[in-house]
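Colleague: Just one file: my_file17.pdb, with PDB, C-alpha atoms.
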ATOM      1  CA  MET A   1      55.054  75.123 132.072  1.00  0.00           C
ATOM      2  CA  ARG A   2      53.390  75.080 128.660  1.00  0.00           C
ATOM      3  CA  LYS A   3      53.058  78.884 128.699  1.00  0.00           C
ATOM      4  CA  ARG A   4      56.762  79.148 129.437  1.00  0.00           C
ATOM      5  CA  LEU A   5      57.632  76.861 126.517  1.00  0.00           C
ATOM      6  CA  LYS A   6      55.330  78.864 124.252  1.00  0.00           C
ATOM      7  CA  TRP A   7      57.491  81.952 124.792  1.00  0.00           C
ATOM      8  CA  LEU A   8      60.792  80.138 125.128  1.00  0.00           C
ATOM      9  CA  VAL A   9      60.752  78.448 121.702  1.00  0.00           C
ATOM     10  CA  PRO A  10      60.568  81.635 119.575  1.00  0.00           C
ATOM     11  CA  ILE A  11      63.214  83.274 121.760  1.00  0.00           C
ATOM     12  CA  ILE A  12      65.548  80.333 121.156  1.00  0.00           C
ATOM     13  CA  VAL A  13      64.839  80.445 117.419  1.00  0.00           C
ATOM     14  CA  LEU A  14      65.525  84.193 117.257  1.00  0.00           C
ATOM     15  CA  ALA A  15      68.730  83.779 119.253  1.00  0.00           C
ATOM     16  CA  ALA A  16      69.876  81.027 116.883  1.00  0.00           C
ATOM     17  CA  LEU A  17      69.121  83.182 113.841  1.00  0.00           C
ATOM     18  CA  ALA A  18      70.927  86.148 115.362  1.00  0.00           C
ATOM     19  CA  GLY A  19      73.925  83.962 116.129  1.00  0.00           C
ATOM     20  CA  THR A  20      73.986  82.624 112.572  1.00  0.00           C
ATOM     21  CA  PHE A  21      73.810  86.156 111.174  1.00  0.00           C
ATOM     22  CA  ILE A  22      76.654  87.337 113.408  1.00  0.00           C
ATOM     23  CA  VAL A  23      78.833  84.407 112.330  1.00  0.00           C
ATOM     24  CA  TYR A  24      77.965  84.944 108.656  1.00  0.00           C
ATOM     25  CA  THR A  25      78.683  88.666 108.592  1.00  0.00           C
ATOM     26  CA  GLY A  26      81.723  88.320 110.823  1.00  0.00           C
ATOM     27  CA  ASP A  27      83.460  86.191 108.202  1.00  0.00           C
ATOM     28  CA  TYR A  28      84.415  88.738 105.555  1.00  0.00           C
ATOM     29  CA  TYR A  29      87.192  89.697 103.151  1.00  0.00           C
ATOM     30  CA  ARG A  30      89.655  92.180 104.625  1.00  0.00           C
ATOM     31  CA  ALA A  31      91.638  94.943 102.962  1.00  0.00           C
ATOM     32  CA  ASP A  32      95.324  94.147 102.449  1.00  0.00           C
ATOM     33  CA  ASP A  33      98.239  96.403 103.384  1.00  0.00           C
ATOM     34  CA  ALA A  34      98.394  98.010  99.925  1.00  0.00           C
ATOM     35  CA  ALA A  35      94.749  99.038 100.267  1.00  0.00           C
ATOM     36  CA  LEU A  36      95.327 100.599 103.667  1.00  0.00           C
ATOM     37  CA  ARG A  37      98.296 102.559 102.345  1.00  0.00           C
ATOM     38  CA  ALA A  38      96.096 103.896  99.533  1.00  0.00           C
ATOM     39  CA  LEU A  39      93.942 105.639 102.143  1.00  0.00           C
ATOM     40  CA  GLU A  40      96.692 108.214 102.643  1.00  0.00           C
ATOM     41  CA  SER A  41      96.608 111.540 100.781  1.00  0.00           C
ATOM     42  CA  PHE A  42      99.313 111.779  98.114  1.00  0.00           C
ATOM     43  CA  GLY A  43      99.853 111.979  94.350  1.00  0.00           C
ATOM     44  CA  GLY A  44      97.239 114.649  93.748  1.00  0.00           C
ATOM     45  CA  VAL A  45      94.438 112.755  95.538  1.00  0.00           C
ATOM     46  CA  ARG A  46      93.196 113.783  98.969  1.00  0.00           C
ATOM     47  CA  VAL A  47      91.557 110.975 100.926  1.00  0.00           C
ATOM     48  CA  MET A  48      89.202 112.119 103.669  1.00  0.00           C
ATOM     49  CA  ARG A  49      87.346 110.049 106.241  1.00  0.00           C
ATOM     50  CA  THR A  50      83.671 111.017 106.261  1.00  0.00           C
ATOM     51  CA  GLY A  51      80.502 110.009 108.028  1.00  0.00           C
ATOM     52  CA  TYR A  52      79.572 107.684 105.176  1.00  0.00           C
ATOM     53  CA  GLY A  53      83.048 106.287 104.566  1.00  0.00           C
ATOM     54  CA  TYR A  54      85.772 107.942 102.475  1.00  0.00           C
ATOM     55  CA  ARG A  55      86.032 110.632  99.839  1.00  0.00           C
ATOM     56  CA  PHE A  56      88.757 110.399  97.180  1.00  0.00           C
ATOM     57  CA  ASP A  57      89.170 113.957  95.980  1.00  0.00           C
ATOM     58  CA  GLY A  58      91.179 114.339  92.782  1.00  0.00           C
ATOM     59  CA  PRO A  59      91.375 117.120  90.195  1.00  0.00           C
ATOM     60  CA  SER A  60      87.782 116.775  88.982  1.00  0.00           C
ATOM     61  CA  GLU A  61      85.164 119.350  89.912  1.00  0.00           C
ATOM     62  CA  ASP A  62      82.667 118.108  87.362  1.00  0.00           C
ATOM     63  CA  ALA A  63      81.800 114.495  88.204  1.00  0.00           C
ATOM     64  CA  ALA A  64      81.692 112.159  91.182  1.00  0.00           C
ATOM     65  CA  LEU A  65      80.937 108.485  91.699  1.00  0.00           C
ATOM     66  CA  VAL A  66      79.215 107.011  94.757  1.00  0.00           C
ATOM     67  CA  PHE A  67      80.725 103.534  95.140  1.00  0.00           C
ATOM     68  CA  TYR A  68      79.102 100.587  96.968  1.00  0.00           C
ATOM     69  CA  PRO A  69      81.520  97.785  98.025  1.00  0.00           C
ATOM     70  CA  GLY A  70      80.954  94.123  97.249  1.00  0.00           C
ATOM     71  CA  GLY A  71      79.144  91.871  99.713  1.00  0.00           C
ATOM     72  CA  LYS A  72      81.150  90.903 102.801  1.00  0.00           C
ATOM     73  CA  VAL A  73      84.160  92.890 101.577  1.00  0.00           C
ATOM     74  CA  GLU A  74      85.788  95.531 103.762  1.00  0.00           C
ATOM     75  CA  ALA A  75      85.194  98.877 102.061  1.00  0.00           C
ATOM     76  CA  GLU A  76      88.828  99.920 102.429  1.00  0.00           C
ATOM     77  CA  ALA A  77      89.839  97.095 100.060  1.00  0.00           C
ATOM     78  CA  TYR A  78      88.755  99.258  97.114  1.00  0.00           C
ATOM     79  CA  ALA A  79      91.025 102.195  97.986  1.00  0.00           C
ATOM     80  CA  PRO A  80      93.724 101.517  95.319  1.00  0.00           C
ATOM     81  CA  PHE A  81      91.124 101.229  92.529  1.00  0.00           C
ATOM     82  CA  LEU A  82      89.132 104.271  93.623  1.00  0.00           C
ATOM     83  CA  ARG A  83      92.271 106.348  94.119  1.00  0.00           C
ATOM     84  CA  ARG A  84      93.175 105.566  90.509  1.00  0.00           C
ATOM     85  CA  LEU A  85      89.736 106.724  89.338  1.00  0.00           C
ATOM     86  CA  ALA A  86      89.998 109.945  91.351  1.00  0.00           C
ATOM     87  CA  ALA A  87      93.446 110.700  89.964  1.00  0.00           C
ATOM     88  CA  SER A  88      92.158 110.143  86.419  1.00  0.00           C
ATOM     89  CA  GLY A  89      89.144 112.417  86.433  1.00  0.00           C
ATOM     90  CA  VAL A  90      86.194 111.394  88.631  1.00  0.00           C
ATOM     91  CA  ASP A  91      86.068 111.938  92.398  1.00  0.00           C
ATOM     92  CA  VAL A  92      84.812 108.944  94.368  1.00  0.00           C
ATOM     93  CA  CYS A  93      82.732 108.650  97.532  1.00  0.00           C
ATOM     94  CA  LEU A  94      83.219 105.191  99.042  1.00  0.00           C
ATOM     95  CA  VAL A  95      80.353 104.057 101.281  1.00  0.00           C
ATOM     96  CA  ARG A  96      80.951 101.782 104.279  1.00  0.00           C
ATOM     97  CA  MET A  97      77.906  99.513 104.498  1.00  0.00           C
ATOM     98  CA  PRO A  98      76.252  98.083 107.616  1.00  0.00           C
ATOM     99  CA  PHE A  99      77.476  94.512 108.105  1.00  0.00           C
ATOM    100  CA  ARG A 100      79.430  95.053 104.851  1.00  0.00           C
ATOM    101  CA  LEU A 101      76.257  94.337 102.850  1.00  0.00           C
ATOM    102  CA  ALA A 102      74.856  97.043 100.552  1.00  0.00           C
ATOM    103  CA  LEU A 103      71.505  95.276 100.723  1.00  0.00           C
ATOM    104  CA  PHE A 104      70.920  97.000 104.066  1.00  0.00           C
ATOM    105  CA  ALA A 105      71.615 100.538 102.827  1.00  0.00           C
ATOM    106  CA  ILE A 106      70.614 100.801  99.177  1.00  0.00           C
ATOM    107  CA  ASP A 107      69.728 104.489  99.531  1.00  0.00           C
ATOM    108  CA  SER A 108      73.107 105.515 100.978  1.00  0.00           C
ATOM    109  CA  ALA A 109      73.753 107.652  97.891  1.00  0.00           C
ATOM    110  CA  ASP A 110      71.071 110.108  99.066  1.00  0.00           C
ATOM    111  CA  ALA A 111      73.128 111.276 102.047  1.00  0.00           C
ATOM    112  CA  VAL A 112      76.353 111.311 100.061  1.00  0.00           C
ATOM    113  CA  MET A 113      75.014 113.501  97.271  1.00  0.00           C
ATOM    114  CA  ALA A 114      73.454 115.852  99.802  1.00  0.00           C
ATOM    115  CA  GLN A 115      76.916 116.569 101.269  1.00  0.00           C
ATOM    116  CA  HIS A 116      78.784 117.430  98.055  1.00  0.00           C
ATOM    117  CA  ASP A 117      78.138 119.647  95.060  1.00  0.00           C
ATOM    118  CA  TYR A 118      78.939 118.129  91.646  1.00  0.00           C
ATOM    119  CA  PRO A 119      77.234 118.850  88.302  1.00  0.00           C
ATOM    120  CA  ARG A 120      77.174 115.139  87.431  1.00  0.00           C
ATOM    121  CA  TRP A 121      76.687 112.150  89.709  1.00  0.00           C
ATOM    122  CA  TYR A 122      77.190 108.464  89.028  1.00  0.00           C
ATOM    123  CA  VAL A 123      76.483 105.530  91.302  1.00  0.00           C
ATOM    124  CA  GLY A 124      78.136 102.162  91.042  1.00  0.00           C
ATOM    125  CA  GLY A 125      79.917  99.412  92.823  1.00  0.00           C
ATOM    126  CA  HIS A 126      81.353  95.946  92.776  1.00  0.00           C
ATOM    127  CA  SER A 127      79.384  92.696  92.701  1.00  0.00           C
ATOM    128  CA  LEU A 128      76.445  92.916  95.166  1.00  0.00           C
ATOM    129  CA  GLY A 129      77.316  96.574  95.720  1.00  0.00           C
ATOM    130  CA  GLY A 130      77.005  97.224  91.993  1.00  0.00           C
ATOM    131  CA  ALA A 131      73.636  95.480  91.814  1.00  0.00           C
ATOM    132  CA  MET A 132      72.325  97.542  94.736  1.00  0.00           C
ATOM    133  CA  ALA A 133      73.694 100.745  93.196  1.00  0.00           C
ATOM    134  CA  ALA A 134      71.865  99.870  89.981  1.00  0.00           C
ATOM    135  CA  ALA A 135      68.682  99.281  91.988  1.00  0.00           C
ATOM    136  CA  TYR A 136      69.100 102.748  93.485  1.00  0.00           C
ATOM    137  CA  ALA A 137      69.698 104.212  90.018  1.00  0.00           C
ATOM    138  CA  ALA A 138      66.528 102.590  88.678  1.00  0.00           C
ATOM    139  CA  ARG A 139      64.528 104.647  91.211  1.00  0.00           C
ATOM    140  CA  HIS A 140      66.531 107.890  91.067  1.00  0.00           C
ATOM    141  CA  GLY A 141      67.367 108.295  87.403  1.00  0.00           C
ATOM    142  CA  ASP A 142      66.523 111.997  87.378  1.00  0.00           C
ATOM    143  CA  ALA A 143      69.392 112.725  89.792  1.00  0.00           C
ATOM    144  CA  LEU A 144      72.056 110.660  88.039  1.00  0.00           C
ATOM    145  CA  ALA A 145      74.143 110.736  84.885  1.00  0.00           C
ATOM    146  CA  GLY A 146      74.753 106.993  84.938  1.00  0.00           C
ATOM    147  CA  VAL A 147      75.920 103.824  86.641  1.00  0.00           C
ATOM    148  CA  VAL A 148      79.347 102.166  86.841  1.00  0.00           C
ATOM    149  CA  LEU A 149      79.125  98.409  87.376  1.00  0.00           C
ATOM    150  CA  CYS A 150      82.183  96.293  88.199  1.00  0.00           C
ATOM    151  CA  ALA A 151      81.425  92.570  87.918  1.00  0.00           C
ATOM    152  CA  ALA A 152      77.751  93.463  88.376  1.00  0.00           C
ATOM    153  CA  TYR A 153      74.597  94.076  86.372  1.00  0.00           C
ATOM    154  CA  PRO A 154      71.319  96.008  86.740  1.00  0.00           C
ATOM    155  CA  ILE A 155      68.330  94.204  88.206  1.00  0.00           C
ATOM    156  CA  GLY A 156      65.775  96.687  86.906  1.00  0.00           C
ATOM    157  CA  ALA A 157      65.271  98.999  83.941  1.00  0.00           C
ATOM    158  CA  LEU A 158      67.464 102.120  83.879  1.00  0.00           C
ATOM    159  CA  ASP A 159      66.358 105.498  82.535  1.00  0.00           C
ATOM    160  CA  GLN A 160      67.219 105.898  78.864  1.00  0.00           C
ATOM    161  CA  HIS A 161      69.069 109.182  79.435  1.00  0.00           C
ATOM    162  CA  MET A 162      71.613 107.458  81.669  1.00  0.00           C
ATOM    163  CA  THR A 163      74.969 105.950  80.731  1.00  0.00           C
ATOM    164  CA  GLU A 164      75.712 102.404  81.853  1.00  0.00           C
ATOM    165  CA  ILE A 165      79.332 101.263  82.085  1.00  0.00           C
ATOM    166  CA  CYS A 166      79.861  97.579  82.809  1.00  0.00           C
ATOM    167  CA  VAL A 167      83.291  95.989  83.242  1.00  0.00           C
ATOM    168  CA  TYR A 168      84.228  92.467  84.326  1.00  0.00           C
ATOM    169  CA  GLY A 169      87.066  89.994  84.039  1.00  0.00           C
ATOM    170  CA  SER A 170      87.311  87.134  81.574  1.00  0.00           C
ATOM    171  CA  GLU A 171      88.179  84.737  84.423  1.00  0.00           C
ATOM    172  CA  ASP A 172      85.335  85.784  86.729  1.00  0.00           C
ATOM    173  CA  GLY A 173      83.972  82.683  88.426  1.00  0.00           C
ATOM    174  CA  VAL A 174      81.368  84.469  90.562  1.00  0.00           C
ATOM    175  CA  LEU A 175      79.441  86.612  88.073  1.00  0.00           C
ATOM    176  CA  ASP A 176      76.449  84.702  86.669  1.00  0.00           C
ATOM    177  CA  PRO A 177      76.740  84.869  82.841  1.00  0.00           C
ATOM    178  CA  LYS A 178      73.057  84.012  82.306  1.00  0.00           C
ATOM    179  CA  ARG A 179      71.897  86.818  84.560  1.00  0.00           C
ATOM    180  CA  LEU A 180      74.390  89.165  82.945  1.00  0.00           C
ATOM    181  CA  GLU A 181      72.922  88.313  79.559  1.00  0.00           C
ATOM    182  CA  ALA A 182      69.352  88.801  80.815  1.00  0.00           C
ATOM    183  CA  SER A 183      70.279  92.152  82.381  1.00  0.00           C
ATOM    184  CA  ARG A 184      71.070  93.633  78.978  1.00  0.00           C
ATOM    185  CA  ALA A 185      67.328  94.074  78.521  1.00  0.00           C
ATOM    186  CA  TYR A 186      67.459  96.706  81.307  1.00  0.00           C
ATOM    187  CA  ALA A 187      70.308  98.707  79.807  1.00  0.00           C
ATOM    188  CA  PRO A 188      69.776 102.261  78.526  1.00  0.00           C
ATOM    189  CA  GLU A 189      70.607 103.160  74.934  1.00  0.00           C
ATOM    190  CA  THR A 190      74.055 104.395  75.957  1.00  0.00           C
ATOM    191  CA  CYS A 191      75.677 101.285  77.355  1.00  0.00           C
ATOM    192  CA  PHE A 192      79.358 100.296  77.312  1.00  0.00           C
ATOM    193  CA  GLU A 193      80.424  96.775  78.229  1.00  0.00           C
ATOM    194  CA  HIS A 194      84.028  95.646  78.472  1.00  0.00           C
ATOM    195  CA  VAL A 195      85.757  92.376  79.335  1.00  0.00           C
ATOM    196  CA  ILE A 196      89.174  92.701  80.982  1.00  0.00           C
ATOM    197  CA  GLU A 197      91.227  89.836  79.623  1.00  0.00           C
ATOM    198  CA  GLY A 198      92.812  87.848  82.435  1.00  0.00           C
ATOM    199  CA  GLY A 199      90.875  89.605  85.188  1.00  0.00           C
ATOM    200  CA  ASN A 200      88.657  87.883  87.723  1.00  0.00           C
ATOM    201  CA  HIS A 201      85.959  88.838  90.232  1.00  0.00           C
ATOM    202  CA  ALA A 202      88.139  89.819  93.184  1.00  0.00           C
ATOM    203  CA  GLY A 203      90.601  91.846  91.133  1.00  0.00           C
ATOM    204  CA  PHE A 204      88.620  95.068  91.500  1.00  0.00           C
ATOM    205  CA  GLY A 205      89.610  95.138  95.154  1.00  0.00           C
ATOM    206  CA  ASN A 206      92.627  94.310  97.283  1.00  0.00           C
ATOM    207  CA  TYR A 207      91.303  91.575  99.546  1.00  0.00           C
ATOM    208  CA  GLY A 208      92.828  88.361  98.259  1.00  0.00           C
ATOM    209  CA  ALA A 209      91.225  85.340  96.639  1.00  0.00           C
ATOM    210  CA  GLN A 210      87.449  84.978  96.720  1.00  0.00           C
ATOM    211  CA  LYS A 211      85.603  81.689  97.122  1.00  0.00           C
ATOM    212  CA  GLY A 212      84.321  80.363  93.810  1.00  0.00           C
ATOM    213  CA  ASP A 213      86.304  82.826  91.733  1.00  0.00           C
ATOM    214  CA  GLY A 214      88.460  81.987  88.725  1.00  0.00           C
ATOM    215  CA  ILE A 215      92.228  82.322  88.771  1.00  0.00           C
ATOM    216  CA  ALA A 216      93.351  85.673  87.410  1.00  0.00           C
ATOM    217  CA  ARG A 217      96.034  85.810  84.707  1.00  0.00           C
ATOM    218  CA  ILE A 218      96.864  89.434  85.502  1.00  0.00           C
ATOM    219  CA  SER A 219      97.554  91.244  88.769  1.00  0.00           C
ATOM    220  CA  ALA A 220      94.860  93.149  90.663  1.00  0.00           C
ATOM    221  CA  GLU A 221      96.843  96.306  89.928  1.00  0.00           C
ATOM    222  CA  ASP A 222      96.702  95.656  86.172  1.00  0.00           C
ATOM    223  CA  GLN A 223      93.007  94.815  86.339  1.00  0.00           C
ATOM    224  CA  GLN A 224      92.231  97.999  88.232  1.00  0.00           C
ATOM    225  CA  ARG A 225      94.349 100.070  85.837  1.00  0.00           C
ATOM    226  CA  ALA A 226      92.475  98.640  82.845  1.00  0.00           C
ATOM    227  CA  ALA A 227      89.078  99.090  84.494  1.00  0.00           C
ATOM    228  CA  ALA A 228      89.803 102.675  85.521  1.00  0.00           C
ATOM    229  CA  ALA A 229      91.018 103.601  82.045  1.00  0.00           C
ATOM    230  CA  TYR A 230      87.890 102.156  80.434  1.00  0.00           C
ATOM    231  CA  ILE A 231      85.533 103.825  82.910  1.00  0.00           C
ATOM    232  CA  ILE A 232      87.186 107.232  82.587  1.00  0.00           C
ATOM    233  CA  SER A 233      87.131 107.012  78.783  1.00  0.00           C
ATOM    234  CA  HIS A 234      83.306 106.746  78.890  1.00  0.00           C
ATOM    235  CA  ILE A 235      82.285 108.497  82.083  1.00  0.00           C
ATOM    236  CA  GLY A 236      81.193 111.618  80.262  1.00  0.00           C
ATOM    237  CA  ALA A 237      79.516 109.864  77.346  1.00  0.00           C
TER     238      ALA A 237
END
Once more with this new file: its structure as structure tokens, please.

Modeller:
Amino acid sequence: MRKRLKWLVPIIVLAALAGTFIVYTGDYYRADDAALRALESFGGVRVMRTGYGYRFDGPSEDAALVFYPGGKVEAEAYAPFLRRLAASGVDVCLVRMPFRLALFAIDSADAVMAQHDYPRWYVGGHSLGGAMAAAYAARHGDALAGVVLCAAYPIGALDQHMTEICVYGSEDGVLDPKRLEASRAYAPETCFEHVIEGGNHAGFGNYGAQKGDGIARISAEDQQRAAAAYIISHIGA
């Protein structure tokens, strides 16, 4: 009986942990109807389903961005924002993460960049996705032109040749301002930081309100328009 209990207890513990994980990851932010419509090809941007997620192919043949979604956010929620970037001058490869957590696939950019041929590559993302993209960039600086961080910050030193672009909303209630301040020590010499007045944390995607976030004073569409314009204005710097 004791031998049975010896094996039974860890099995029960593992089952409980697995159940907790399934419940945790199963509760996520879903893309709204506008985001799903943005996955169609129109307006000079072709959207293609790929093995890693989606490719937003606009007029650019010079630069591309590998984009990691925020934690527990459906990747498709970023389609309107990424479509806007692609239409403005940088193609985007959107990565669908396992369990919707970039923490489990930090090196996803490797496979993406191996599939496409662009002279300049950037990695970036939103929130947790941005932090994980920055972690990837810190280890692969020789292959990248820079990082694009939306409501995110680097967690390790970036190569000095790279360009860092950091944008976030003035009403962001999720981004930790102390960690953002501390992260500036990791920034390369060429670093652009911009606050979108009235924007919040969730406004980079189309997935509704996020727990703990501030109340936006502008629409998600306006926030994404402002963010895209700022990013494109510096993407080649």

Colleague: Go through A:Tyr168, A:Ile155, A:Gly129, A:Arg96 and flag the residue nearest Glu74 in chain A, using all atoms listed in the file for the distances.

Modeller: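 Looking at the shortest contact to Glu74 in chain A, the residue is A:Arg96.
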
Colleague: For each of A:Gly214, A:Gly58, A:Gly70, A:Gly141, take the minimum atom-to-atom distance to Gly89 in chain A, counting all atoms listed in the file, then give the residue where this is smallest.

Modeller: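 Using all atoms listed in the file, Gly89 in chain A sits closest to A:Gly58.
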
Colleague: Write out as JSON lines the residues of range 88-169 of chain A that have any atom within 10 Å of an atom of range 78-82 of chain A, one row each with the nearest atom pair and its distance in Å to one decimal, counting all atoms listed in the file, sorted by chain and then rising number.

Modeller:
{"residue": "A:Ser88", "atom": "CA", "partner": "A:Leu82", "partner_atom": "CA", "distance": 9.8}
{"residue": "A:Val90", "atom": "CA", "partner": "A:Leu82", "partner_atom": "CA", "distance": 9.2}
{"residue": "A:Asp91", "atom": "CA", "partner": "A:Leu82", "partner_atom": "CA", "distance": 8.3}
{"residue": "A:Val92", "atom": "CA", "partner": "A:Leu82", "partner_atom": "CA", "distance": 6.4}
{"residue": "A:Cys93", "atom": "CA", "partner": "A:Leu82", "partner_atom": "CA", "distance": 8.7}
{"residue": "A:Leu94", "atom": "CA", "partner": "A:Leu82", "partner_atom": "CA", "distance": 8.1}
{"residue": "A:Gly125", "atom": "CA", "partner": "A:Tyr78", "partner_atom": "CA", "distance": 9.8}
{"residue": "A:His126", "atom": "CA", "partner": "A:Tyr78", "partner_atom": "CA", "distance": 9.2}

Colleague: Which one is closest to Arg184 in chain A: A:Val123, A:Val47, A:Met97, A:Leu158? Count only C-alpha atoms.

Modeller: A:Leu158

Colleague: Need the shell around Leu149 in chain A: protein/DNA/RNA residues with any atom at most 7 Å away, counting only C-alpha atoms. Skip same-chain ones fewer than 3 positions apart. Format as JSON, numbers by chain?

Modeller: {"A": [124, 125, 126, 130, 152, 153, 165, 166, 167]}

Colleague: Pick the closest to Tyr230 in chain A from A:Arg37, A:Arg179, A:His194, A:Arg46: which is it, counting all atoms listed in the file?

Modeller: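 Of A:Arg37, A:Arg179, A:His194, A:Arg46, the one nearest Tyr230 in chain A is A:His194, counting all atoms listed in the file.
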